[in-house]
Amino acid sequence: MSRFLNVLRSWLVMVSIIAMGNTLQSFRDHTFLYEKLYTGKPNLVNGLQARTFGIWTLLSSVIRCLCAIDIHNKTLYHITLWTFFLALGHFLSELFVFGTAAPTIGVLAPLMVASFSILGMLVGLRYLEVEPVSRQKKRN
């Protein structure tokens, strides 16, 4: 396996673990969301919205972790890439369209993680295309 894919796998595991922490925080205390993320309109954040956000984050975390385990599964790889596009779109829309988020570290951090992850996974696609061919050659 290429070094780049190994680094990408480590990145996905790290992002997955952080997301699991955010999931727990969303279930434990919904004030986390309006203190860190949705500071533009904190009155819109309630327990139900926090738990929904927590489940969405947990699902993304599980998908990303599974991709790190089986990075050569192209379907899972593309689904994982989409989790980052969806996160990027969500936070950008909350920031610029709905005004529920302000450009604080709580919003800028997930925007940067999603952006770097998208970039890394798009680069990783090239390695996925090359690697199976080189594996076949080694066997023959």
# chains A, B, ... in the order shown; residues from 1 in each chain; ligands from 1
>>> residues_around(residues="Gly47 of chain A", least_positions_apart="2", cutoff="9 Å", atoms="only C-alpha atoms", output="compact mmCIF listing (two decimals) with N, CA and C atoms, in the first residue's frame")
# COMPACT_ATOMS: atom_id res chain seq x y z
N SER A 26 -22.71 16.03 21.93
CA SER A 26 -24.05 16.44 21.47
C SER A 26 -25.15 15.76 22.28
N PHE A 27 -24.93 14.53 22.69
CA PHE A 27 -25.93 13.82 23.49
C PHE A 27 -25.88 14.23 24.96
N ASP A 29 -24.77 17.27 26.35
CA ASP A 29 -25.16 18.64 26.68
C ASP A 29 -25.31 19.44 25.39
N HIS A 30 -26.54 19.80 25.05
CA HIS A 30 -26.75 20.48 23.78
C HIS A 30 -26.24 21.92 23.77
N THR A 31 -25.85 22.45 24.91
CA THR A 31 -25.30 23.81 24.93
C THR A 31 -23.98 23.87 24.15
N VAL A 45 -31.13 26.18 18.70
CA VAL A 45 -30.55 24.90 19.11
C VAL A 45 -31.33 24.37 20.31
N GLN A 49 -32.47 18.84 18.19
CA GLN A 49 -31.54 19.20 17.12
C GLN A 49 -30.13 18.71 17.47
N ALA A 50 -29.75 18.79 18.71
CA ALA A 50 -28.42 18.33 19.13
C ALA A 50 -28.28 16.82 18.96
N ARG A 51 -29.31 16.08 19.33
CA ARG A 51 -29.25 14.62 19.16
C ARG A 51 -29.25 14.24 17.68
N THR A 52 -29.99 14.95 16.85
CA THR A 52 -29.97 14.70 15.41
C THR A 52 -28.59 14.96 14.85
>>> residues_around(residues="Leu59 of chain A", least_positions_apart="5", cutoff="10 Å", atoms="only C-alpha atoms", output="list in words")
Ser16, Ala19, Met20, Thr23, Phe53, Gly54, Arg64, Cys65 and Thr83 of chain A
>>> residues_around(residues="Leu8 of chain A", least_positions_apart="5", cutoff="10 Å", atoms="only C-alpha atoms", output="list of chain:residue names")
A:Ser2, A:Arg3, A:Val13, A:Met14, A:Cys67, A:Ala68, A:Ile71, A:Ser117, A:Gly120, A:Met121, A:Val123, A:Gly124
>>> residues_around(residues="Lys36 of chain A", least_positions_apart="3", cutoff="6 Å", atoms="only C-alpha atoms", output="list in words")
Phe32, Leu33 and Gly106 of chain A
>>> atom_distance(atom1="atom CA of Ile17 of chain A", atom2="atom CA of Ser61 of chain A")
7.2 Å
>>> residues_around(residues="Phe91 of chain A", least_positions_apart="5", cutoff="8 Å", atoms="only C-alpha atoms", output="PyMOL selection string")
chain A and resi 101+107+110-111
>>> write_last_selection(atoms="C-alpha atoms", output="PDB file, in the first residue's frame")
ATOM      1  CA  ALA A 101     -23.089  30.090  12.543  1.00  0.00           C
ATOM      2  CA  VAL A 107     -17.015  26.474  12.613  1.00  0.00           C
ATOM      3  CA  PRO A 110     -14.763  21.574  10.687  1.00  0.00           C
ATOM      4  CA  LEU A 111     -14.577  23.609   7.470  1.00  0.00           C
TER       5      LEU A 111
END
>>> residues_around(residues="Leu128 of chain A", least_positions_apart="5", cutoff="9 Å", atoms="only C-alpha atoms", output="count of residues only")
4
>>> closest_residue(among="A:Val15, A:Val97, A:Leu108, A:Leu48", to="Thr80 of chain A", atoms="only C-alpha atoms")
A:Val15
>>> select_by_dssp(residues="segment 66-131 of chain A", states="helix (DSSP H, G or I)", output="ChimeraX atom specification")
/A:66-69,74-96,105-131
>>> write_last_selection(atoms="C-alpha atoms", output="PDB file, in the first residue's frame")
ATOM      1  CA  LEU A  66     -14.772   1.761   7.984  1.00  0.00           C
ATOM      2  CA  CYS A  67     -13.118   3.448   5.006  1.00  0.00           C
ATOM      3  CA  ALA A  68      -9.853   3.645   6.940  1.00  0.00           C
ATOM      4  CA  ILE A  69     -10.090  -0.098   7.588  1.00  0.00           C
ATOM      5  CA  LYS A  74     -14.166   2.083  -3.920  1.00  0.00           C
ATOM      6  CA  THR A  75     -17.853   2.349  -3.046  1.00  0.00           C
ATOM      7  CA  LEU A  76     -17.064   2.980   0.609  1.00  0.00           C
ATOM      8  CA  TYR A  77     -14.305   5.393  -0.421  1.00  0.00           C
ATOM      9  CA  HIS A  78     -16.744   7.464  -2.491  1.00  0.00           C
ATOM     10  CA  ILE A  79     -19.378   7.434   0.262  1.00  0.00           C
ATOM     11  CA  THR A  80     -16.725   8.637   2.710  1.00  0.00           C
ATOM     12  CA  LEU A  81     -15.716  11.406   0.327  1.00  0.00           C
ATOM     13  CA  TRP A  82     -19.375  12.444   0.171  1.00  0.00           C
ATOM     14  CA  THR A  83     -19.550  12.685   3.987  1.00  0.00           C
ATOM     15  CA  PHE A  84     -16.924  15.413   3.792  1.00  0.00           C
ATOM     16  CA  PHE A  85     -18.709  17.217   0.933  1.00  0.00           C
ATOM     17  CA  LEU A  86     -21.939  17.124   2.954  1.00  0.00           C
ATOM     18  CA  ALA A  87     -20.204  18.445   6.073  1.00  0.00           C
ATOM     19  CA  LEU A  88     -18.558  21.224   4.073  1.00  0.00           C
ATOM     20  CA  GLY A  89     -21.878  22.145   2.465  1.00  0.00           C
ATOM     21  CA  HIS A  90     -23.681  22.065   5.794  1.00  0.00           C
ATOM     22  CA  PHE A  91     -21.269  24.360   7.606  1.00  0.00           C
ATOM     23  CA  LEU A  92     -20.931  26.741   4.645  1.00  0.00           C
ATOM     24  CA  SER A  93     -24.715  27.042   4.359  1.00  0.00           C
ATOM     25  CA  GLU A  94     -25.107  27.627   8.097  1.00  0.00           C
ATOM     26  CA  LEU A  95     -22.415  30.298   7.884  1.00  0.00           C
ATOM     27  CA  PHE A  96     -23.385  32.118   4.687  1.00  0.00           C
ATOM     28  CA  ILE A 105     -12.923  28.444  15.516  1.00  0.00           C
ATOM     29  CA  GLY A 106     -15.860  26.122  16.226  1.00  0.00           C
ATOM     30  CA  VAL A 107     -17.015  26.474  12.613  1.00  0.00           C
ATOM     31  CA  LEU A 108     -13.697  27.133  10.896  1.00  0.00           C
ATOM     32  CA  ALA A 109     -12.171  23.908  12.270  1.00  0.00           C
ATOM     33  CA  PRO A 110     -14.763  21.574  10.687  1.00  0.00           C
ATOM     34  CA  LEU A 111     -14.577  23.609   7.470  1.00  0.00           C
ATOM     35  CA  MET A 112     -10.811  23.099   7.348  1.00  0.00           C
ATOM     36  CA  VAL A 113     -11.059  19.403   8.241  1.00  0.00           C
ATOM     37  CA  ALA A 114     -13.680  18.814   5.548  1.00  0.00           C
ATOM     38  CA  SER A 115     -11.669  20.783   2.967  1.00  0.00           C
ATOM     39  CA  PHE A 116      -8.364  19.029   3.724  1.00  0.00           C
ATOM     40  CA  SER A 117     -10.120  15.677   3.776  1.00  0.00           C
ATOM     41  CA  ILE A 118     -11.754  16.276   0.403  1.00  0.00           C
ATOM     42  CA  LEU A 119      -8.424  17.315  -1.066  1.00  0.00           C
ATOM     43  CA  GLY A 120      -6.647  14.295   0.438  1.00  0.00           C
ATOM     44  CA  MET A 121      -9.300  11.860  -0.698  1.00  0.00           C
ATOM     45  CA  LEU A 122      -9.338  13.275  -4.231  1.00  0.00           C
ATOM     46  CA  VAL A 123      -5.555  12.838  -4.400  1.00  0.00           C
ATOM     47  CA  GLY A 124      -5.973   9.365  -2.897  1.00  0.00           C
ATOM     48  CA  LEU A 125      -8.226   8.364  -5.786  1.00  0.00           C
ATOM     49  CA  ARG A 126      -5.158   8.384  -8.037  1.00  0.00           C
ATOM     50  CA  TYR A 127      -3.388   5.935  -5.735  1.00  0.00           C
ATOM     51  CA  LEU A 128      -6.433   3.671  -5.621  1.00  0.00           C
ATOM     52  CA  GLU A 129      -6.489   3.506  -9.417  1.00  0.00           C
ATOM     53  CA  VAL A 130      -2.779   2.583  -9.640  1.00  0.00           C
ATOM     54  CA  GLU A 131      -2.470   0.172  -6.726  1.00  0.00           C
TER      55      GLU A 131
END
